[in-house]
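Colleague: Can you keep this structure in mind? I'll have questions shortly.
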Amino acid sequence: MKNIVILISGRGSNMQAIVNANIPNVRIVAVLSNDETATGLAWAKEQGIATGTLDHKAFANRLAFDTAMMALIDSYQPDLVVLAGFMRILTPEFCTHYEGRLINIHPSLLPSFTGLNTHQRALETGCRVAGCTVHFVTAELDCGPIISQGVVPVLDKDTPETLATRVLAAEHKLLPQAVADFAAGKLSIRQNRVLGSITPDAHTQLLA
């Protein structure tokens, strides 16, 4: 059984997708946030999952917050930490501490469109496809080794909002599968490369 800690900053729809997937050999031991008003916390509590918050604004700097968050996370003895809409840039110290057991879902086909406003930037660039990426987290923002990607078409009448909705549906399929693959011992990272077998229908798949 693998202990999973999930970090969120808002409604936590990807967190909910992981919980609802009922993944074998996975125990969601905690859902944590940097925002006590994050609506996903209430949902997690309703499922009987432990929750906790640390307000990043209460700390002198980013490293002080990350150090406190690491202590909180480690109290749950996680095998894997999942960033599911956790809106914080993490320090190298945090990334190193969880190297090989920290994954993120990003709403673009990395390495394109790291950072924010991914859907607007995809439309402005004229992309005909968009999507999401699950990757191991390293100190360089959104540049860790790619685990899997989901691809959706960009439609002629798309707005950033309609594209975001379609990409989010892909995220809800892709992230639970990555957690399942990790729990099954299929994923690891070595020398900045992902090793192991990826579930075939979860790697660079075209999703409606």
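Just remember, in the structure tokens the first chain shown is A, the second B, etc., residues are 1-based per chain, and ligands are 1-based in the order shown.
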Any idea what's packed within 9 Å of stretch 86-88 of chain A, counting only C-alpha atoms, ignoring anything in its chain fewer than 6 positions away? Could you give it as a list in words?
Modeller: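 Neighbouring residues, sequence-local ones excluded: Ile6, Leu7, Ile8, Ser9, Gly10, Gly12, Ser33, Asn34 and Asn104 of chain A.
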Colleague: If you run DSSP on the backbone here, which positions in chain A get strand (DSSP E)? Please write them as JSON, numbers by chain.
Modeller: {"A": [2, 3, 4, 5, 6, 7, 8, 26, 27, 28, 29, 30, 31, 32, 33, 51, 52, 53, 80, 81, 82, 83, 102, 103, 104, 105, 106, 129, 130, 131, 132, 133, 134, 135, 136, 146, 147, 148, 149, 150, 151, 152, 153, 188, 189, 190, 193, 194, 195, 205, 206]}
Colleague: Restricting the calculation to only C-alpha atoms: of A:Val19, A:Ser75, A:Leu32, A:Met70, which residue gets closest to A:Gln47?
Modeller: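 Smallest separation from A:Gln47 among the options: A:Val19.
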Colleague: Can you work out the spacing between atom CA of A:Gly100 and atom CA of A:Phe136 in Å, to one decimal?
Modeller: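 Computing it gives 6.8 Å between the two atoms.
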Colleague: Can you list, as a ChimeraX atom specification, all residues belonging to stretch 91-124 of chain A that DSSP tags as helix (DSSP H, G or I)?
Modeller: /A:92-97,118-124
Colleague: Restricting it to all heavy atoms, dump the selection as a tab-separated table (two decimals), in the first residue's frame.
Modeller:
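Output below, filename selection03.tsv:
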chain	number	residue	atom	x	y	z
A	92	PRO	N	14.22	24.71	-4.65
A	92	PRO	CA	15.05	23.54	-4.96
A	92	PRO	C	15.14	22.57	-3.78
A	92	PRO	O	15.19	21.35	-3.97
A	92	PRO	CB	16.41	24.14	-5.30
A	92	PRO	CG	16.09	25.52	-5.79
A	92	PRO	CD	14.92	25.97	-4.97
A	93	GLU	N	15.15	23.11	-2.56
A	93	GLU	CA	15.24	22.25	-1.38
A	93	GLU	C	14.02	21.32	-1.28
A	93	GLU	O	14.15	20.13	-0.95
A	93	GLU	CB	15.34	23.11	-0.12
A	93	GLU	CG	16.66	23.83	0.04
A	93	GLU	CD	16.75	25.14	-0.74
A	93	GLU	OE1	15.79	25.49	-1.46
A	93	GLU	OE2	17.80	25.80	-0.62
A	94	PHE	N	12.85	21.85	-1.56
A	94	PHE	CA	11.63	21.05	-1.53
A	94	PHE	C	11.69	19.97	-2.62
A	94	PHE	O	11.40	18.79	-2.37
A	94	PHE	CB	10.42	21.95	-1.73
A	94	PHE	CG	9.09	21.27	-1.55
A	94	PHE	CD1	8.39	21.43	-0.37
A	94	PHE	CD2	8.53	20.50	-2.55
A	94	PHE	CE1	7.14	20.83	-0.19
A	94	PHE	CE2	7.30	19.89	-2.39
A	94	PHE	CZ	6.61	20.05	-1.19
A	95	CYS	N	12.06	20.38	-3.82
A	95	CYS	CA	12.11	19.44	-4.95
A	95	CYS	C	13.13	18.33	-4.71
A	95	CYS	O	12.87	17.16	-5.03
A	95	CYS	CB	12.43	20.19	-6.24
A	95	CYS	SG	11.18	21.41	-6.71
A	96	THR	N	14.26	18.67	-4.15
A	96	THR	CA	15.30	17.67	-3.88
A	96	THR	C	14.83	16.69	-2.80
A	96	THR	O	15.08	15.49	-2.88
A	96	THR	CB	16.60	18.35	-3.44
A	96	THR	OG1	17.06	19.19	-4.51
A	96	THR	CG2	17.68	17.33	-3.11
A	97	HIS	N	14.16	17.22	-1.79
A	97	HIS	CA	13.69	16.39	-0.68
A	97	HIS	C	12.76	15.28	-1.17
A	97	HIS	O	12.80	14.15	-0.65
A	97	HIS	CB	12.99	17.25	0.35
A	97	HIS	CG	12.55	16.52	1.58
A	97	HIS	ND1	13.43	16.05	2.52
A	97	HIS	CD2	11.30	16.16	2.01
A	97	HIS	CE1	12.76	15.44	3.49
A	97	HIS	NE2	11.47	15.50	3.21
A	118	THR	N	-1.74	29.14	-19.94
A	118	THR	CA	-1.36	28.20	-21.00
A	118	THR	C	-2.37	28.17	-22.14
A	118	THR	O	-1.98	28.08	-23.31
A	118	THR	CB	-1.20	26.79	-20.41
A	118	THR	OG1	-2.43	26.40	-19.78
A	118	THR	CG2	-0.09	26.76	-19.37
A	119	HIS	N	-3.66	28.24	-21.82
A	119	HIS	CA	-4.67	28.09	-22.87
A	119	HIS	C	-4.72	29.34	-23.76
A	119	HIS	O	-4.83	29.23	-24.99
A	119	HIS	CB	-6.03	27.81	-22.24
A	119	HIS	CG	-5.99	26.66	-21.28
A	119	HIS	ND1	-5.59	25.40	-21.63
A	119	HIS	CD2	-6.28	26.61	-19.94
A	119	HIS	CE1	-5.65	24.60	-20.58
A	119	HIS	NE2	-6.05	25.32	-19.54
A	120	GLN	N	-4.63	30.50	-23.16
A	120	GLN	CA	-4.58	31.73	-23.94
A	120	GLN	C	-3.37	31.74	-24.86
A	120	GLN	O	-3.47	32.11	-26.04
A	120	GLN	CB	-4.53	32.94	-23.00
A	120	GLN	CG	-4.45	34.28	-23.72
A	120	GLN	CD	-5.71	34.60	-24.49
A	120	GLN	OE1	-6.81	34.37	-23.98
A	120	GLN	NE2	-5.58	35.12	-25.71
A	121	ARG	N	-2.24	31.31	-24.34
A	121	ARG	CA	-1.01	31.30	-25.14
A	121	ARG	C	-1.10	30.28	-26.28
A	121	ARG	O	-0.62	30.54	-27.39
A	121	ARG	CB	0.19	31.01	-24.23
A	121	ARG	CG	0.49	32.16	-23.27
A	121	ARG	CD	1.24	31.69	-22.03
A	121	ARG	NE	2.56	31.16	-22.36
A	121	ARG	CZ	3.29	30.44	-21.52
A	121	ARG	NH1	2.81	30.14	-20.31
A	121	ARG	NH2	4.47	30.01	-21.88
A	122	ALA	N	-1.73	29.14	-26.02
A	122	ALA	CA	-1.89	28.14	-27.08
A	122	ALA	C	-2.75	28.67	-28.22
A	122	ALA	O	-2.44	28.48	-29.40
A	122	ALA	CB	-2.49	26.86	-26.50
A	123	LEU	N	-3.83	29.39	-27.85
A	123	LEU	CA	-4.70	29.95	-28.88
A	123	LEU	C	-4.00	31.06	-29.65
A	123	LEU	O	-4.11	31.15	-30.89
A	123	LEU	CB	-5.98	30.48	-28.24
A	123	LEU	CG	-6.92	29.43	-27.64
A	123	LEU	CD1	-8.09	30.11	-26.93
A	123	LEU	CD2	-7.43	28.48	-28.71
A	124	GLU	N	-3.27	31.90	-28.95
A	124	GLU	CA	-2.56	32.99	-29.60
A	124	GLU	C	-1.48	32.49	-30.55
A	124	GLU	O	-1.18	33.13	-31.56
A	124	GLU	CB	-1.93	33.90	-28.55
A	124	GLU	CG	-2.95	34.73	-27.76
A	124	GLU	CD	-2.31	35.50	-26.63
A	124	GLU	OE1	-1.12	35.25	-26.33
A	124	GLU	OE2	-3.00	36.36	-26.03
Colleague: What is the distance between atom CA of A:Arg27 and atom CA of A:Asp181, in Å to one decimal?
Modeller: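 Distance reported for this atom pair: 14.1 Å.
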